[in-house]
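Everything below concerns the one structure shown next.
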Amino acid sequence: MSNLAEQIREALSMFARNGTEPALIGGLAVVAHQVVRATEDVDFL
């Protein structure tokens, strides 16, 4: 199984190929606001 960084790169590549601009939401998005949350997935809107 791929690591998280590889999965994010793959998802972003797919968004780019489809001309879709993603928005990061969920546990990883709150890190930008200095909130620590343990998460093992990536959520896009």
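Ligands are numbered from 1 in the order shown, chains are lettered A, B, ... in the order of the structure tokens, and residues start at 1 in each chain.
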* Going by DSSP on the backbone, which bits of chain A are strand (DSSP E or B)? Write them as a VMD selection string, please. => chain A and resid 24 to 25 43 to 44
* For region 21-34 of chain A, list every protein, DNA or RNA residue within 8 Å, evaluated using only C-alpha atoms, and leave out those in the same chain fewer than 2 positions away; present the list as an MDAnalysis selection string. => chainID A and resid 12 15:16 19 36:39 42:45
Taking the backbone alone, and naming residues the way the document does, which bits of chain A are helix (DSSP H, G or I) by DSSP, as a PDB file with N, CA and C atoms, in the first residue's frame?
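And here's out16.pdb as it stands now:
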ATOM      1  N   LEU A   4       0.951   7.978   2.658  1.00  0.00           N
ATOM      2  CA  LEU A   4       0.021   9.097   2.560  1.00  0.00           C
ATOM      3  C   LEU A   4       0.467  10.136   1.536  1.00  0.00           C
ATOM      4  N   ALA A   5       1.748  10.481   1.518  1.00  0.00           N
ATOM      5  CA  ALA A   5       2.239  11.486   0.566  1.00  0.00           C
ATOM      6  C   ALA A   5       2.040  11.021  -0.878  1.00  0.00           C
ATOM      7  N   GLU A   6       2.280   9.749  -1.147  1.00  0.00           N
ATOM      8  CA  GLU A   6       2.079   9.216  -2.495  1.00  0.00           C
ATOM      9  C   GLU A   6       0.606   9.253  -2.883  1.00  0.00           C
ATOM     10  N   GLN A   7      -0.265   8.953  -1.933  1.00  0.00           N
ATOM     11  CA  GLN A   7      -1.702   8.976  -2.202  1.00  0.00           C
ATOM     12  C   GLN A   7      -2.183  10.396  -2.498  1.00  0.00           C
ATOM     13  N   ILE A   8      -1.644  11.370  -1.773  1.00  0.00           N
ATOM     14  CA  ILE A   8      -2.012  12.773  -2.018  1.00  0.00           C
ATOM     15  C   ILE A   8      -1.539  13.193  -3.411  1.00  0.00           C
ATOM     16  N   ARG A   9      -0.301  12.846  -3.763  1.00  0.00           N
ATOM     17  CA  ARG A   9       0.221  13.181  -5.097  1.00  0.00           C
ATOM     18  C   ARG A   9      -0.651  12.564  -6.191  1.00  0.00           C
ATOM     19  N   GLU A  10      -1.043  11.326  -6.006  1.00  0.00           N
ATOM     20  CA  GLU A  10      -1.882  10.649  -6.994  1.00  0.00           C
ATOM     21  C   GLU A  10      -3.243  11.343  -7.122  1.00  0.00           C
ATOM     22  N   ALA A  11      -3.846  11.691  -5.994  1.00  0.00           N
ATOM     23  CA  ALA A  11      -5.147  12.375  -6.024  1.00  0.00           C
ATOM     24  C   ALA A  11      -5.029  13.734  -6.711  1.00  0.00           C
ATOM     25  N   LEU A  12      -3.990  14.500  -6.380  1.00  0.00           N
ATOM     26  CA  LEU A  12      -3.812  15.818  -6.993  1.00  0.00           C
ATOM     27  C   LEU A  12      -3.570  15.700  -8.498  1.00  0.00           C
ATOM     28  N   SER A  13      -2.855  14.662  -8.902  1.00  0.00           N
ATOM     29  CA  SER A  13      -2.631  14.424 -10.324  1.00  0.00           C
ATOM     30  C   SER A  13      -3.952  14.140 -11.038  1.00  0.00           C
ATOM     31  N   MET A  14      -4.813  13.374 -10.421  1.00  0.00           N
ATOM     32  CA  MET A  14      -6.112  13.067 -11.017  1.00  0.00           C
ATOM     33  C   MET A  14      -6.991  14.316 -11.101  1.00  0.00           C
ATOM     34  N   PHE A  15      -6.964  15.137 -10.068  1.00  0.00           N
ATOM     35  CA  PHE A  15      -7.722  16.400 -10.110  1.00  0.00           C
ATOM     36  C   PHE A  15      -7.224  17.259 -11.270  1.00  0.00           C
ATOM     37  N   ALA A  16      -5.899  17.363 -11.418  1.00  0.00           N
ATOM     38  CA  ALA A  16      -5.317  18.186 -12.478  1.00  0.00           C
ATOM     39  C   ALA A  16      -5.715  17.665 -13.861  1.00  0.00           C
ATOM     40  N   ARG A  17      -5.668  16.352 -14.034  1.00  0.00           N
ATOM     41  CA  ARG A  17      -6.043  15.756 -15.322  1.00  0.00           C
ATOM     42  C   ARG A  17      -7.502  16.042 -15.683  1.00  0.00           C
ATOM     43  N   GLY A  27      -9.212  16.521   8.840  1.00  0.00           N
ATOM     44  CA  GLY A  27      -8.120  16.554   9.805  1.00  0.00           C
ATOM     45  C   GLY A  27      -6.847  17.213   9.314  1.00  0.00           C
ATOM     46  N   LEU A  28      -6.460  16.953   8.068  1.00  0.00           N
ATOM     47  CA  LEU A  28      -5.238  17.580   7.561  1.00  0.00           C
ATOM     48  C   LEU A  28      -5.421  19.068   7.321  1.00  0.00           C
ATOM     49  N   ALA A  29      -6.630  19.491   6.991  1.00  0.00           N
ATOM     50  CA  ALA A  29      -6.875  20.917   6.742  1.00  0.00           C
ATOM     51  C   ALA A  29      -6.758  21.743   8.021  1.00  0.00           C
ATOM     52  N   VAL A  30      -7.135  21.188   9.154  1.00  0.00           N
ATOM     53  CA  VAL A  30      -7.073  21.978  10.391  1.00  0.00           C
ATOM     54  C   VAL A  30      -5.643  22.197  10.869  1.00  0.00           C
ATOM     55  N   VAL A  31      -4.702  21.412  10.342  1.00  0.00           N
ATOM     56  CA  VAL A  31      -3.288  21.616  10.687  1.00  0.00           C
ATOM     57  C   VAL A  31      -2.851  23.028  10.294  1.00  0.00           C
ATOM     58  N   ALA A  32      -3.426  23.559   9.223  1.00  0.00           N
ATOM     59  CA  ALA A  32      -3.095  24.920   8.785  1.00  0.00           C
ATOM     60  C   ALA A  32      -3.497  25.957   9.832  1.00  0.00           C
ATOM     61  N   HIS A  33      -4.376  25.578  10.732  1.00  0.00           N
ATOM     62  CA  HIS A  33      -4.832  26.472  11.806  1.00  0.00           C
ATOM     63  C   HIS A  33      -4.217  26.082  13.145  1.00  0.00           C
TER      64      HIS A  33
END
